[in-house]
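Below is input23.cif, holding mmCIF, N, CA and C atoms.
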data_my_file
loop_
_atom_site.label_atom_id
_atom_site.label_comp_id
_atom_site.auth_asym_id
_atom_site.auth_seq_id
_atom_site.Cartn_x
_atom_site.Cartn_y
_atom_site.Cartn_z
N MET L 1 -6.42 -12.85 -21.51
CA MET L 1 -5.40 -13.22 -22.48
C MET L 1 -4.75 -11.97 -23.03
N TRP L 2 -3.47 -12.10 -23.30
CA TRP L 2 -2.68 -10.99 -23.83
C TRP L 2 -2.58 -11.12 -25.34
N TYR L 3 -2.70 -10.00 -26.03
CA TYR L 3 -2.60 -10.01 -27.49
C TYR L 3 -1.14 -9.79 -27.88
N CYS L 4 -0.55 -10.77 -28.57
CA CYS L 4 0.83 -10.69 -29.01
C CYS L 4 0.90 -9.95 -30.35
N PRO L 5 1.61 -8.83 -30.39
CA PRO L 5 1.70 -8.06 -31.64
C PRO L 5 2.53 -8.76 -32.72
N LYS L 6 3.41 -9.72 -32.34
CA LYS L 6 4.23 -10.42 -33.34
C LYS L 6 3.44 -11.50 -34.08
N CYS L 7 2.78 -12.39 -33.31
CA CYS L 7 2.06 -13.49 -33.94
C CYS L 7 0.59 -13.15 -34.18
N LYS L 8 0.15 -12.00 -33.67
CA LYS L 8 -1.23 -11.51 -33.87
C LYS L 8 -2.28 -12.47 -33.30
N GLU L 9 -1.95 -13.09 -32.16
CA GLU L 9 -2.88 -13.99 -31.48
C GLU L 9 -2.92 -13.66 -29.99
N HIS L 10 -4.03 -14.08 -29.36
CA HIS L 10 -4.12 -13.95 -27.91
C HIS L 10 -3.39 -15.12 -27.27
N ARG L 11 -2.55 -14.82 -26.30
CA ARG L 11 -1.71 -15.83 -25.65
C ARG L 11 -1.82 -15.73 -24.13
N GLN L 12 -1.60 -16.86 -23.47
CA GLN L 12 -1.48 -16.86 -22.02
C GLN L 12 -0.15 -16.19 -21.68
N ALA L 13 -0.14 -15.27 -20.74
CA ALA L 13 1.08 -14.55 -20.42
C ALA L 13 1.14 -14.25 -18.93
N SER L 14 2.32 -13.93 -18.47
CA SER L 14 2.50 -13.48 -17.10
C SER L 14 3.32 -12.20 -17.13
N LYS L 15 3.17 -11.40 -16.08
CA LYS L 15 3.86 -10.13 -15.98
C LYS L 15 4.80 -10.19 -14.79
N LYS L 16 6.01 -9.68 -14.95
CA LYS L 16 6.99 -9.73 -13.88
C LYS L 16 7.50 -8.32 -13.62
N LEU L 17 7.63 -8.00 -12.34
CA LEU L 17 8.15 -6.71 -11.92
C LEU L 17 9.30 -6.95 -10.95
N ASP L 18 10.46 -6.41 -11.26
CA ASP L 18 11.62 -6.52 -10.38
C ASP L 18 11.87 -5.18 -9.71
N LEU L 19 12.19 -5.22 -8.44
CA LEU L 19 12.56 -4.02 -7.71
C LEU L 19 14.08 -3.97 -7.66
N TRP L 20 14.67 -2.89 -8.11
CA TRP L 20 16.13 -2.77 -8.16
C TRP L 20 16.68 -2.26 -6.84
N ARG L 21 16.11 -1.18 -6.33
CA ARG L 21 16.58 -0.57 -5.09
C ARG L 21 15.37 -0.01 -4.37
N LEU L 22 15.35 -0.11 -3.05
CA LEU L 22 14.21 0.34 -2.26
C LEU L 22 14.54 1.65 -1.53
N PRO L 23 13.53 2.50 -1.33
CA PRO L 23 13.75 3.78 -0.66
C PRO L 23 13.75 3.65 0.86
N GLU L 24 14.19 4.71 1.54
CA GLU L 24 14.13 4.74 3.01
C GLU L 24 12.67 4.77 3.48
N ILE L 25 11.85 5.54 2.79
CA ILE L 25 10.42 5.63 3.07
C ILE L 25 9.68 5.02 1.89
N LEU L 26 8.86 4.03 2.16
CA LEU L 26 8.10 3.33 1.12
C LEU L 26 6.63 3.72 1.25
N VAL L 27 6.07 4.25 0.18
CA VAL L 27 4.67 4.67 0.18
C VAL L 27 3.92 3.75 -0.78
N ILE L 28 2.87 3.11 -0.26
CA ILE L 28 2.06 2.20 -1.08
C ILE L 28 0.66 2.76 -1.17
N HIS L 29 0.25 3.01 -2.40
CA HIS L 29 -1.09 3.55 -2.68
C HIS L 29 -1.98 2.39 -3.12
N LEU L 30 -3.00 2.10 -2.35
CA LEU L 30 -3.91 1.00 -2.69
C LEU L 30 -4.96 1.50 -3.67
N LYS L 31 -5.22 0.70 -4.67
CA LYS L 31 -6.23 1.07 -5.66
C LYS L 31 -7.61 0.96 -5.02
N ARG L 32 -8.26 2.08 -4.84
CA ARG L 32 -9.57 2.10 -4.19
C ARG L 32 -10.69 2.56 -5.11
N PHE L 33 -10.33 2.92 -6.33
CA PHE L 33 -11.34 3.41 -7.27
C PHE L 33 -11.20 2.64 -8.58
N SER L 34 -12.34 2.24 -9.12
CA SER L 34 -12.38 1.46 -10.35
C SER L 34 -13.11 2.26 -11.42
N TYR L 35 -12.51 2.34 -12.59
CA TYR L 35 -13.11 3.08 -13.69
C TYR L 35 -13.22 2.18 -14.91
N ASN L 36 -14.35 2.28 -15.60
CA ASN L 36 -14.48 1.66 -16.92
C ASN L 36 -15.38 2.56 -17.76
N ARG L 37 -15.72 2.12 -18.95
CA ARG L 37 -16.51 2.96 -19.85
C ARG L 37 -17.87 3.34 -19.29
N PHE L 38 -18.42 2.49 -18.45
CA PHE L 38 -19.80 2.68 -18.02
C PHE L 38 -19.96 3.16 -16.57
N SER L 39 -18.97 2.91 -15.74
CA SER L 39 -19.16 3.28 -14.34
C SER L 39 -17.85 3.60 -13.63
N LYS L 40 -18.00 4.26 -12.49
CA LYS L 40 -16.88 4.56 -11.60
C LYS L 40 -17.32 4.10 -10.22
N ASN L 41 -16.49 3.31 -9.57
CA ASN L 41 -16.87 2.72 -8.28
C ASN L 41 -15.76 2.86 -7.25
N LYS L 42 -16.16 2.93 -5.99
CA LYS L 42 -15.22 2.87 -4.88
C LYS L 42 -15.08 1.40 -4.50
N LEU L 43 -13.83 0.94 -4.36
CA LEU L 43 -13.57 -0.44 -3.98
C LEU L 43 -13.40 -0.52 -2.46
N GLY L 44 -14.17 -1.34 -1.81
CA GLY L 44 -14.12 -1.45 -0.36
C GLY L 44 -13.50 -2.74 0.12
N THR L 45 -12.71 -3.38 -0.71
CA THR L 45 -12.10 -4.65 -0.37
C THR L 45 -11.10 -4.49 0.78
N PHE L 46 -11.18 -5.36 1.76
CA PHE L 46 -10.22 -5.33 2.87
C PHE L 46 -8.88 -5.87 2.38
N VAL L 47 -7.80 -5.14 2.65
CA VAL L 47 -6.45 -5.56 2.30
C VAL L 47 -5.69 -5.79 3.60
N ASP L 48 -5.22 -7.01 3.80
CA ASP L 48 -4.45 -7.33 5.01
C ASP L 48 -2.99 -7.01 4.73
N PHE L 49 -2.46 -5.99 5.37
CA PHE L 49 -1.09 -5.55 5.12
C PHE L 49 -0.25 -5.74 6.38
N PRO L 50 1.07 -5.94 6.21
CA PRO L 50 1.93 -6.14 7.38
C PRO L 50 2.14 -4.84 8.15
N VAL L 51 2.27 -4.96 9.47
CA VAL L 51 2.51 -3.81 10.33
C VAL L 51 3.95 -3.82 10.82
N GLU L 52 4.41 -4.93 11.36
CA GLU L 52 5.70 -4.99 12.04
C GLU L 52 6.90 -5.27 11.14
N ASP L 53 6.83 -6.25 10.29
CA ASP L 53 8.02 -6.68 9.54
C ASP L 53 7.63 -6.96 8.09
N PHE L 54 7.66 -5.92 7.28
CA PHE L 54 7.36 -6.04 5.86
C PHE L 54 8.69 -6.30 5.15
N ASP L 55 8.95 -7.57 4.84
CA ASP L 55 10.24 -7.98 4.30
C ASP L 55 10.16 -8.11 2.77
N LEU L 56 10.91 -7.25 2.09
CA LEU L 56 10.93 -7.25 0.62
C LEU L 56 12.21 -7.85 0.06
N THR L 57 12.97 -8.55 0.88
CA THR L 57 14.24 -9.13 0.47
C THR L 57 14.11 -10.01 -0.77
N ASP L 58 13.09 -10.82 -0.83
CA ASP L 58 12.92 -11.75 -1.96
C ASP L 58 12.48 -11.06 -3.24
N TYR L 59 12.16 -9.78 -3.18
CA TYR L 59 11.63 -9.08 -4.35
C TYR L 59 12.60 -8.07 -4.95
N THR L 60 13.80 -7.98 -4.39
CA THR L 60 14.78 -7.03 -4.91
C THR L 60 15.86 -7.76 -5.68
N VAL L 61 16.27 -7.18 -6.79
CA VAL L 61 17.27 -7.78 -7.66
C VAL L 61 18.68 -7.41 -7.21
N HIS L 62 18.89 -6.15 -6.90
CA HIS L 62 20.21 -5.63 -6.55
C HIS L 62 20.33 -5.52 -5.04
N LYS L 63 21.08 -6.42 -4.43
CA LYS L 63 21.26 -6.42 -2.97
C LYS L 63 22.48 -5.57 -2.62
N ILE L 64 22.33 -4.72 -1.60
CA ILE L 64 23.44 -3.90 -1.11
C ILE L 64 23.77 -4.38 0.29
N ASN L 65 25.04 -4.74 0.52
CA ASN L 65 25.47 -5.23 1.84
C ASN L 65 25.17 -4.22 2.93
N GLY L 66 24.57 -4.69 4.00
CA GLY L 66 24.31 -3.84 5.16
C GLY L 66 23.04 -3.01 5.06
N VAL L 67 22.34 -3.06 3.93
CA VAL L 67 21.11 -2.28 3.78
C VAL L 67 19.92 -3.21 3.94
N SER L 68 19.11 -2.91 4.92
CA SER L 68 17.93 -3.72 5.21
C SER L 68 16.86 -3.51 4.13
N GLU L 69 16.15 -4.56 3.84
CA GLU L 69 15.01 -4.48 2.92
C GLU L 69 13.73 -4.83 3.66
N ARG L 70 13.73 -4.51 4.95
CA ARG L 70 12.58 -4.74 5.82
C ARG L 70 12.04 -3.39 6.26
N TYR L 71 10.71 -3.34 6.42
CA TYR L 71 10.04 -2.09 6.75
C TYR L 71 9.05 -2.27 7.89
N VAL L 72 8.76 -1.15 8.55
CA VAL L 72 7.73 -1.13 9.59
C VAL L 72 6.73 -0.03 9.22
N LEU L 73 5.47 -0.34 9.41
CA LEU L 73 4.41 0.62 9.11
C LEU L 73 4.40 1.72 10.16
N TYR L 74 4.27 2.99 9.72
CA TYR L 74 4.18 4.07 10.69
C TYR L 74 3.00 5.01 10.45
N ALA L 75 2.31 4.88 9.32
CA ALA L 75 1.14 5.74 9.09
C ALA L 75 0.24 5.14 8.02
N ILE L 76 -1.05 5.46 8.13
CA ILE L 76 -2.06 5.01 7.17
C ILE L 76 -3.01 6.17 6.92
N ILE L 77 -3.29 6.43 5.65
CA ILE L 77 -4.35 7.37 5.31
C ILE L 77 -5.57 6.55 4.94
N ASN L 78 -6.71 6.90 5.48
CA ASN L 78 -7.97 6.20 5.21
C ASN L 78 -8.90 7.11 4.40
N HIS L 79 -9.69 6.49 3.54
CA HIS L 79 -10.70 7.26 2.79
C HIS L 79 -12.07 6.62 3.06
N TYR L 80 -12.99 7.46 3.51
CA TYR L 80 -14.37 7.03 3.73
C TYR L 80 -15.25 7.80 2.77
N GLY L 81 -16.25 7.15 2.21
CA GLY L 81 -17.16 7.84 1.31
C GLY L 81 -17.15 7.22 -0.06
N SER L 82 -17.38 8.07 -1.06
CA SER L 82 -17.49 7.57 -2.43
C SER L 82 -16.68 8.47 -3.36
N LEU L 83 -16.84 8.23 -4.65
CA LEU L 83 -16.15 9.05 -5.63
C LEU L 83 -16.63 10.49 -5.62
N GLY L 84 -17.89 10.68 -5.33
CA GLY L 84 -18.47 12.02 -5.34
C GLY L 84 -18.08 12.87 -4.15
N GLY L 85 -17.63 12.25 -3.11
CA GLY L 85 -17.25 12.99 -1.90
C GLY L 85 -16.80 12.01 -0.85
N GLY L 86 -16.02 12.48 0.07
CA GLY L 86 -15.54 11.57 1.09
C GLY L 86 -14.85 12.29 2.20
N HIS L 87 -14.30 11.51 3.09
CA HIS L 87 -13.64 12.04 4.28
C HIS L 87 -12.36 11.26 4.50
N TYR L 88 -11.29 11.97 4.84
CA TYR L 88 -10.00 11.35 5.09
C TYR L 88 -9.66 11.40 6.57
N THR L 89 -9.09 10.31 7.07
CA THR L 89 -8.55 10.25 8.42
C THR L 89 -7.17 9.61 8.31
N ALA L 90 -6.45 9.59 9.42
CA ALA L 90 -5.13 8.95 9.41
C ALA L 90 -4.86 8.26 10.73
N PHE L 91 -4.11 7.17 10.65
CA PHE L 91 -3.55 6.51 11.82
C PHE L 91 -2.05 6.74 11.75
N VAL L 92 -1.45 7.17 12.86
CA VAL L 92 -0.01 7.44 12.90
C VAL L 92 0.56 6.85 14.18
N GLN L 93 1.71 6.19 14.04
CA GLN L 93 2.41 5.65 15.20
C GLN L 93 3.41 6.70 15.67
N LEU L 94 3.24 7.15 16.90
CA LEU L 94 4.11 8.18 17.47
C LEU L 94 4.96 7.58 18.58
N ALA L 95 5.41 8.39 19.51
CA ALA L 95 6.31 7.97 20.59
C ALA L 95 5.79 6.75 21.33
N GLN L 96 6.72 5.96 21.83
CA GLN L 96 6.44 4.72 22.57
C GLN L 96 5.55 3.75 21.79
N ASN L 97 5.65 3.78 20.46
CA ASN L 97 4.90 2.86 19.60
C ASN L 97 3.40 2.90 19.80
N GLN L 98 2.88 4.04 20.18
CA GLN L 98 1.44 4.22 20.35
C GLN L 98 0.82 4.68 19.03
N TRP L 99 -0.34 4.12 18.69
CA TRP L 99 -1.06 4.52 17.49
C TRP L 99 -2.13 5.56 17.85
N TYR L 100 -2.26 6.56 16.99
CA TYR L 100 -3.23 7.63 17.18
C TYR L 100 -4.06 7.77 15.91
N GLU L 101 -5.32 8.12 16.09
CA GLU L 101 -6.19 8.42 14.96
C GLU L 101 -6.36 9.93 14.87
N PHE L 102 -6.13 10.46 13.67
CA PHE L 102 -6.31 11.89 13.41
C PHE L 102 -7.55 12.03 12.53
N ASP L 103 -8.55 12.70 13.04
CA ASP L 103 -9.82 12.89 12.33
C ASP L 103 -10.21 14.37 12.48
N ASP L 104 -9.89 15.15 11.47
CA ASP L 104 -10.06 16.60 11.51
C ASP L 104 -9.35 17.16 12.73
N SER L 105 -10.06 17.81 13.63
CA SER L 105 -9.40 18.41 14.79
C SER L 105 -9.36 17.47 15.99
N HIS L 106 -9.79 16.22 15.83
CA HIS L 106 -9.80 15.26 16.93
C HIS L 106 -8.65 14.27 16.79
N VAL L 107 -7.95 14.05 17.87
CA VAL L 107 -6.88 13.06 17.92
C VAL L 107 -7.17 12.14 19.09
N SER L 108 -7.12 10.82 18.83
CA SER L 108 -7.39 9.87 19.90
C SER L 108 -6.45 8.68 19.80
N LEU L 109 -6.14 8.10 20.95
CA LEU L 109 -5.32 6.92 21.04
C LEU L 109 -6.13 5.71 20.57
N VAL L 110 -5.53 4.84 19.74
CA VAL L 110 -6.21 3.63 19.28
C VAL L 110 -5.29 2.43 19.46
N ALA L 111 -5.88 1.28 19.58
CA ALA L 111 -5.11 0.04 19.68
C ALA L 111 -4.63 -0.37 18.29
N GLU L 112 -3.49 -1.03 18.23
CA GLU L 112 -2.95 -1.48 16.95
C GLU L 112 -3.94 -2.38 16.20
N GLU L 113 -4.75 -3.11 16.91
CA GLU L 113 -5.72 -4.01 16.28
C GLU L 113 -6.78 -3.23 15.49
N GLN L 114 -6.92 -1.94 15.74
CA GLN L 114 -7.95 -1.13 15.08
C GLN L 114 -7.48 -0.44 13.80
N ILE L 115 -6.19 -0.50 13.49
CA ILE L 115 -5.68 0.29 12.37
C ILE L 115 -5.89 -0.36 11.00
N LYS L 116 -6.16 -1.65 10.96
CA LYS L 116 -6.39 -2.32 9.68
C LYS L 116 -7.89 -2.30 9.38
N THR L 117 -8.26 -1.49 8.37
CA THR L 117 -9.67 -1.39 7.98
C THR L 117 -9.77 -1.43 6.46
N SER L 118 -10.98 -1.59 5.98
CA SER L 118 -11.20 -1.59 4.53
C SER L 118 -11.14 -0.17 3.96
N ALA L 119 -10.94 0.83 4.81
CA ALA L 119 -10.81 2.21 4.35
C ALA L 119 -9.35 2.59 4.08
N ALA L 120 -8.40 1.71 4.39
CA ALA L 120 -6.98 2.01 4.17
C ALA L 120 -6.75 2.38 2.71
N TYR L 121 -6.04 3.49 2.49
CA TYR L 121 -5.87 4.04 1.14
C TYR L 121 -4.40 4.23 0.77
N VAL L 122 -3.61 4.78 1.70
CA VAL L 122 -2.18 4.97 1.48
C VAL L 122 -1.44 4.48 2.72
N LEU L 123 -0.41 3.64 2.51
CA LEU L 123 0.38 3.07 3.60
C LEU L 123 1.79 3.66 3.57
N PHE L 124 2.31 4.02 4.74
CA PHE L 124 3.65 4.59 4.84
C PHE L 124 4.53 3.68 5.69
N TYR L 125 5.65 3.24 5.11
CA TYR L 125 6.58 2.37 5.80
C TYR L 125 7.94 3.05 5.87
N ARG L 126 8.68 2.78 6.97
CA ARG L 126 10.07 3.23 7.07
C ARG L 126 10.96 2.02 7.17
N ARG L 127 12.15 2.15 6.60
CA ARG L 127 13.13 1.06 6.61
C ARG L 127 13.60 0.80 8.06
N ILE L 128 13.75 -0.50 8.42
CA ILE L 128 14.28 -0.85 9.75
C ILE L 128 15.61 -1.57 9.59
#
What is this file in structure tokens?
Amino acid sequence: MWYCPKCKEHRQASKKLDLWRLPEILVIHLKRFSYNRFSKNKLGTFVDFPVEDFDLTDYTVHKINGVSERYVLYAIINHYGSLGGGHYTAFVQLAQNQWYEFDDSHVSLVAEEQIKTSAAYVLFYRRI
């Protein structure tokens, strides 16, 4: 419940966010760490995110003729480990729509089906 400063009571409320204009490159940072007064935790929840056609048309207020509001995923940063320490890897889509995993000095080809994991931390989209 939300505390209303005018009536000084807790009320049922909803929050609304409007997107006015979208960038050419969209970066989405997934919340993977939880903090409260007593503990700090790594969140390992799997997030199913779009790869091919991330359409934000219904979420933008100001439409510009001829400007697409659709995106395609081209990179993912992954975090493995905990708050005290961890390891980062990345999946990147390069030439001929091939996905590669970058893990320190090792680079390997991976199937698109392998890029969605519970370690996904930052998503990079480009406008199509």
Pick out each residue of chain L that DSSP on the backbone tags as strand (DSSP E); I need them as a PyMOL selection string.
-> chain L and resi 2-4+9-11+25-29+33-35+40-42+54-55+70-82+85-93+99-103+106-110+120-127
Which residues fall under the PyMOL selection byres ((chain L and resi 52-66) around 8) in this file, as a list in words?
->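 Against this file, the PyMOL selection byres ((chain L and resi 52-66) around 8) returns the residues Leu17, Asp18, Leu19, Trp20, Arg21, Leu22, Phe49, Pro50, Val51, Val67, Ser68, Glu69, Arg70, Tyr71, Val72 and Leu73 of chain L.
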For CA of Gly44 (chain L) and CA of Tyr125 (chain L), determine how far apart the two atoms are, in Å to one decimal place.
-> 21.9 Å
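Taking CA of Ala120 (chain L) and atom N of Gln96 (chain L) as endpoints, the distance between them is 22.7 Å.
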If we count all atoms listed in the file, what is near region 98-115 of chain L at a cut-off of 7 Å, once residues fewer than 5 positions away on the same chain are taken out, given as a ChimeraX atom specification?
-> /L:88-93
Helix (DSSP H, G or I) residues, from DSSP on the backbone, in region 15-124 of chain L, as JSON, numbers by chain | {"L": [57, 58, 59, 95, 96, 97, 112, 113, 114]}
Pairwise distance for atom N of Ser82 (chain L) and CA of Val47 (chain L), rounded to one decimal in Å =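 Computing the Euclidean distance for atom N of Ser82 (chain L) and CA of Val47 (chain L) yields 17.8 Å.
Minimum distance to His29 (chain L) across L:Arg127, L:Lys6, L:His79, L:Lys116 (counting only C-alpha atoms) occurs at L:His79.
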Selection result for the PyMOL selection byres (((chain L and resi 33 and name CA) around 9) and name CA) on this file, as a PyMOL selection string = chain L and resi 31-32+34-35+40-44+82-83
Expected selection from the PyMOL selection byres ((chain L and resi 119) around 6), given as a tab-separated table (two decimals) with N, CA and C atoms, in the frame of the given file:
chain	number	residue	atom	x	y	z
L	77	ILE	N	-3.29	6.43	5.65
L	77	ILE	CA	-4.35	7.37	5.31
L	77	ILE	C	-5.57	6.55	4.94
L	78	ASN	N	-6.71	6.90	5.48
L	78	ASN	CA	-7.97	6.20	5.21
L	78	ASN	C	-8.90	7.11	4.40
L	79	HIS	N	-9.69	6.49	3.54
L	79	HIS	CA	-10.70	7.26	2.79
L	79	HIS	C	-12.07	6.62	3.06
L	80	TYR	N	-12.99	7.46	3.51
L	80	TYR	CA	-14.37	7.03	3.73
L	80	TYR	C	-15.25	7.80	2.77
L	117	THR	N	-8.26	-1.49	8.37
L	117	THR	CA	-9.67	-1.39	7.98
L	117	THR	C	-9.77	-1.43	6.46
L	118	SER	N	-10.98	-1.59	5.98
L	118	SER	CA	-11.20	-1.59	4.53
L	118	SER	C	-11.14	-0.17	3.96
L	120	ALA	N	-8.40	1.71	4.39
L	120	ALA	CA	-6.98	2.01	4.17
L	120	ALA	C	-6.75	2.38	2.71
L	121	TYR	N	-6.04	3.49	2.49
L	121	TYR	CA	-5.87	4.04	1.14
L	121	TYR	C	-4.40	4.23	0.77
